[in-house]
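Report on one structure; see the data block that follows.
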Amino acid sequence: MVENISASDRRVIPASVLRRIPGCAGGEAPLGVQLLHGGRNVNRNLRIDTRAGRFVLRQRIREGPRPGADPLREVACHRAAAAAGVAPAVLDAAPDCSWILMDYVEGGIWTPPRLQASEGLRTLGARLQRLHAITPPKGLGAFDPVSIATGQAQAIFERDPAAAAQVNALLVRTRQLAADCAAFAVTPVMNHGDLNASNLIGPVPMLVDWEYAQLADPAYDLACLSVYYPGLRLRGAELLATAGITDANGAVRLRLHAQLFDSLNRLWEQAESLRQA
C-alpha cells in the first residue's frame, strides 16, 4: 500500500537528508514522494522518485527503548545482508542510524498467501540459506530472549501494574524455553529476527526491516514464520527442508523456538498496545 504525499507535506524529509538522496543533492525537489506500508508507528518508509532513480528512505519517528531492537545493529546487519544479495543496497545512513536510504525494489510486498504457497516457501528458504551463511558483522550480539522479555515486562508494569500475574507467567515460560533452546549445540547464525510477508519485497524476495536481527539458531527465523502464520505449524518438515536444516533435532528446535517467539511476541504486543494508548 502506498499513499501520495503532497508537496506541502514533503517537509517530513529534512533538507539535510534530502540533499543526500541522488538527484536532490543540488536542492532539487523529488519528482514524487509516497508513504509505504509498514513501520508499526515506529518507522516511516517513504518511496522517493528523483531524476536519478527510485529510493526508499526509512526514518525513525518514535524514540525510546524497544527491547530487542537496535538501530545501529539494524544498519550493520542490513549492510551485511545487502552485500550477500538478500537485502536492498544501503546507499546512506545517519550516524545514529535514525534514517537509512536504500534502493527501491520493484515488485511489491509479498502477501501471506504467496509466502505460504509451496513455491513461495522454496524461494524464501533459498534466501534464508544464503542469509544464514553470511559472516555476521563484528560485535553482533547473541540472541538474549530473557533480557528482551524482561525489558518488555518492565514496560508493561510501568503502565499496567495489574498485569503482573499474567506477565510474570510469561516471563517464567520464556526463561524455561530459552534454557530448553540453549541446550542444543547449534552454531548461531545471523537471523532476520522478525520474518513475515510485509518484510519481503520483490519477485525473489529482498528482506527489509533488520532492527531485530541477531545471532541465533537458524530455526528461529522459521519459528517467526510459524507463529505469524499458524497454518505453517503443520508443515514443519517442509519449512526445515527449504531452509536446509536437515539434522535430527531440527523439528524439536523449531517447535521450541516457535513457543519462545510466541511468548516474546505476546509481551511485545501487550507493551506496544500500552505505549500507543
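Residues are referred to by chain and number: the chain letter is A, B, ... according to the order shown in the C-alpha cells, the number counts from 1 in that chain, and ligands are numbered separately from 1 in the order shown.
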
Applying 6 Å and only C-alpha atoms, which residues near Trp110 in chain A remain after dropping the ones on its own chain fewer than 2 positions away? List them as a ChimeraX atom specification. /A:197,200-201

Which of range 215-244 of chain A end up as helix (DSSP H, G or I) when DSSP is run on this backbone - answer as a VMD selection string? chain A and resid 219 to 228 230 to 242

Could you pull the residues within 7 Å of range 155-164 of chain A, counting only C-alpha atoms, minus those fewer than 4 positions along the same chain, as a VMD selection string? chain A and resid 151 168 271 274

Since we have the selection now, will you write its residues out, keeping N, CA and C atoms, as a CSV table (one decimal), in the first residue's frame?
chain,number,residue,atom,x,y,z
A,151,GLY,N,12.7,-6.6,29.5
A,151,GLY,CA,12.5,-5.3,29.1
A,151,GLY,C,11.1,-5.0,28.8
A,168,ASN,N,4.2,-12.1,34.6
A,168,ASN,CA,5.2,-12.9,35.3
A,168,ASN,C,5.1,-14.4,34.8
A,271,ALA,N,3.0,-4.7,25.4
A,271,ALA,CA,3.7,-3.5,25.7
A,271,ALA,C,3.4,-2.4,24.7
A,274,LEU,N,0.1,-0.7,25.1
A,274,LEU,CA,0.1,0.3,26.2
A,274,LEU,C,0.9,1.5,25.8

Range 80-195 of chain A residues near range 240-259 of chain A within 8 Å, closest pair each, using only C-alpha atoms, as JSON lines:
{"residue": "A:Leu121", "atom": "CA", "partner": "A:Thr242", "partner_atom": "CA", "distance": 6.8}
{"residue": "A:Arg122", "atom": "CA", "partner": "A:Thr242", "partner_atom": "CA", "distance": 5.4}
{"residue": "A:Leu124", "atom": "CA", "partner": "A:Thr242", "partner_atom": "CA", "distance": 7.8}
{"residue": "A:Gly125", "atom": "CA", "partner": "A:Ala243", "partner_atom": "CA", "distance": 4.4}
{"residue": "A:Ala126", "atom": "CA", "partner": "A:Ala243", "partner_atom": "CA", "distance": 6.3}
{"residue": "A:Leu128", "atom": "CA", "partner": "A:Ala243", "partner_atom": "CA", "distance": 6.0}
{"residue": "A:Gln129", "atom": "CA", "partner": "A:Ala243", "partner_atom": "CA", "distance": 5.5}
{"residue": "A:Leu177", "atom": "CA", "partner": "A:Leu256", "partner_atom": "CA", "distance": 6.6}
{"residue": "A:Asp180", "atom": "CA", "partner": "A:Leu256", "partner_atom": "CA", "distance": 7.4}
{"residue": "A:Cys181", "atom": "CA", "partner": "A:Leu256", "partner_atom": "CA", "distance": 6.4}
{"residue": "A:Phe184", "atom": "CA", "partner": "A:Arg253", "partner_atom": "CA", "distance": 7.9}

Can those selected residues be exported to a file as a PDB file, in the first residue's frame so that it contains N, CA and C atoms?
ATOM      1  N   LEU A 121       7.555 -20.682  -0.275  1.00  0.00           N
ATOM      2  CA  LEU A 121       8.422 -21.203   0.779  1.00  0.00           C
ATOM      3  C   LEU A 121       9.767 -21.642   0.222  1.00  0.00           C
ATOM      4  N   ARG A 122       9.747 -22.286  -0.954  1.00  0.00           N
ATOM      5  CA  ARG A 122      11.017 -22.721  -1.553  1.00  0.00           C
ATOM      6  C   ARG A 122      11.900 -21.520  -1.891  1.00  0.00           C
ATOM      7  N   LEU A 124      11.753 -18.466  -0.540  1.00  0.00           N
ATOM      8  CA  LEU A 124      12.201 -17.840   0.700  1.00  0.00           C
ATOM      9  C   LEU A 124      13.253 -18.692   1.390  1.00  0.00           C
ATOM     10  N   GLY A 125      13.064 -20.016   1.384  1.00  0.00           N
ATOM     11  CA  GLY A 125      14.042 -20.892   2.016  1.00  0.00           C
ATOM     12  C   GLY A 125      15.424 -20.739   1.418  1.00  0.00           C
ATOM     13  N   ALA A 126      15.498 -20.581   0.093  1.00  0.00           N
ATOM     14  CA  ALA A 126      16.795 -20.385  -0.553  1.00  0.00           C
ATOM     15  C   ALA A 126      17.437 -19.083  -0.089  1.00  0.00           C
ATOM     16  N   LEU A 128      16.920 -17.699   2.849  1.00  0.00           N
ATOM     17  CA  LEU A 128      17.349 -17.906   4.230  1.00  0.00           C
ATOM     18  C   LEU A 128      18.662 -18.685   4.297  1.00  0.00           C
ATOM     19  N   GLN A 129      18.820 -19.652   3.408  1.00  0.00           N
ATOM     20  CA  GLN A 129      20.086 -20.383   3.394  1.00  0.00           C
ATOM     21  C   GLN A 129      21.245 -19.433   3.108  1.00  0.00           C
ATOM     22  N   LEU A 177      11.845 -21.789  28.261  1.00  0.00           N
ATOM     23  CA  LEU A 177      12.019 -22.067  26.837  1.00  0.00           C
ATOM     24  C   LEU A 177      13.400 -21.645  26.357  1.00  0.00           C
ATOM     25  N   ASP A 180      15.700 -24.334  27.386  1.00  0.00           N
ATOM     26  CA  ASP A 180      15.496 -25.525  26.551  1.00  0.00           C
ATOM     27  C   ASP A 180      16.147 -25.348  25.183  1.00  0.00           C
ATOM     28  N   CYS A 181      16.006 -24.163  24.598  1.00  0.00           N
ATOM     29  CA  CYS A 181      16.599 -23.907  23.284  1.00  0.00           C
ATOM     30  C   CYS A 181      18.125 -23.893  23.356  1.00  0.00           C
ATOM     31  N   PHE A 184      20.707 -27.118  22.997  1.00  0.00           N
ATOM     32  CA  PHE A 184      21.180 -27.721  21.751  1.00  0.00           C
ATOM     33  C   PHE A 184      22.478 -27.052  21.300  1.00  0.00           C
TER      34      PHE A 184
END

Closest pair table for range 116-211 of chain A residues within 7 Å of range 59-72 of chain A, only C-alpha atoms, as a tab-separated table:
residue	atom	partner	partner_atom	distance
A:Ile148	CA	A:Pro67	CA	5.0
A:Gly151	CA	A:Pro67	CA	5.5
A:Gln152	CA	A:Pro67	CA	6.2
A:Glu211	CA	A:Ala69	CA	5.0

Just the selected residues (N, CA and C atoms), exported as a compact mmCIF listing (two decimals), in the first residue's frame, please.
# COMPACT_ATOMS: atom_id res chain seq x y z
N ILE A 148 15.21 -9.52 26.57
CA ILE A 148 14.14 -8.89 25.80
C ILE A 148 12.82 -8.98 26.56
N GLY A 151 12.72 -6.65 29.53
CA GLY A 151 12.51 -5.26 29.13
C GLY A 151 11.06 -4.98 28.76
N GLN A 152 10.44 -5.90 28.04
CA GLN A 152 9.04 -5.71 27.68
C GLN A 152 8.15 -5.76 28.93
N GLU A 211 15.84 -4.40 12.25
CA GLU A 211 16.12 -3.90 13.59
C GLU A 211 16.12 -4.99 14.66

Do you know which residues are at most 12 Å from Thr187 in chain A counting only C-alpha atoms, after dropping those on the same chain fewer than 6 positions away, and could you put them as a PyMOL selection string? chain A and resi 132-133+142+215-219

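Minimum atom-to-atom distance to Leu264 in chain A, evaluated using only C-alpha atoms, belongs to A:Ala178 out of A:Ala25, A:Leu91, A:Met190, A:Ala178.
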
Point-to-point distance in Å for CA of Ser147 in chain A and CA of Arg233 in chain A: 26.4 Å

By how many Å are CA of Ser118 in chain A and CA of Val186 in chain A apart?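 Spanning CA of Ser118 in chain A to CA of Val186 in chain A is a straight-line distance of 27.0 Å.
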
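Each of A:Ala76, A:Val17, A:Ala82, A:Leu36 was checked against Gly108 in chain A using only C-alpha atoms; the smallest atom-to-atom distance is that of A:Leu36.
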
Range 1-243 of chain A: residues DSSP assigns to strand (DSSP E or B), reported as JSON, numbers by chain: {"A": [2, 3, 4, 32, 33, 34, 35, 36, 43, 44, 45, 46, 47, 48, 49, 50, 53, 54, 55, 56, 57, 58, 59, 60, 90, 91, 92, 93, 99, 100, 101, 102, 103, 109, 142, 189, 190, 191, 200, 201, 206, 207, 214, 215, 216]}

Got a sec: who's within 9 Å of Cys24 in chain A, counting only C-alpha atoms, leaving out chain neighbours fewer than 5 positions off, as a ChimeraX atom specification? /A:18-19,29-30,50-52

With distances taken over only C-alpha atoms, which residue among A:Ala183, A:Ala169, A:Ala117, A:Trp210 lies nearest Leu239 in chain A? A:Ala117

What does the distance between CA of Val189 in chain A and CA of Cys224 in chain A come to in Å, to one decimal place?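 These two atoms are separated by 15.2 Å.
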
Which is closer to Asn45 in chain A than all the others in A:Thr111, A:Asn199, A:Thr150, A:Ser16, using only C-alpha atoms? A:Asn199
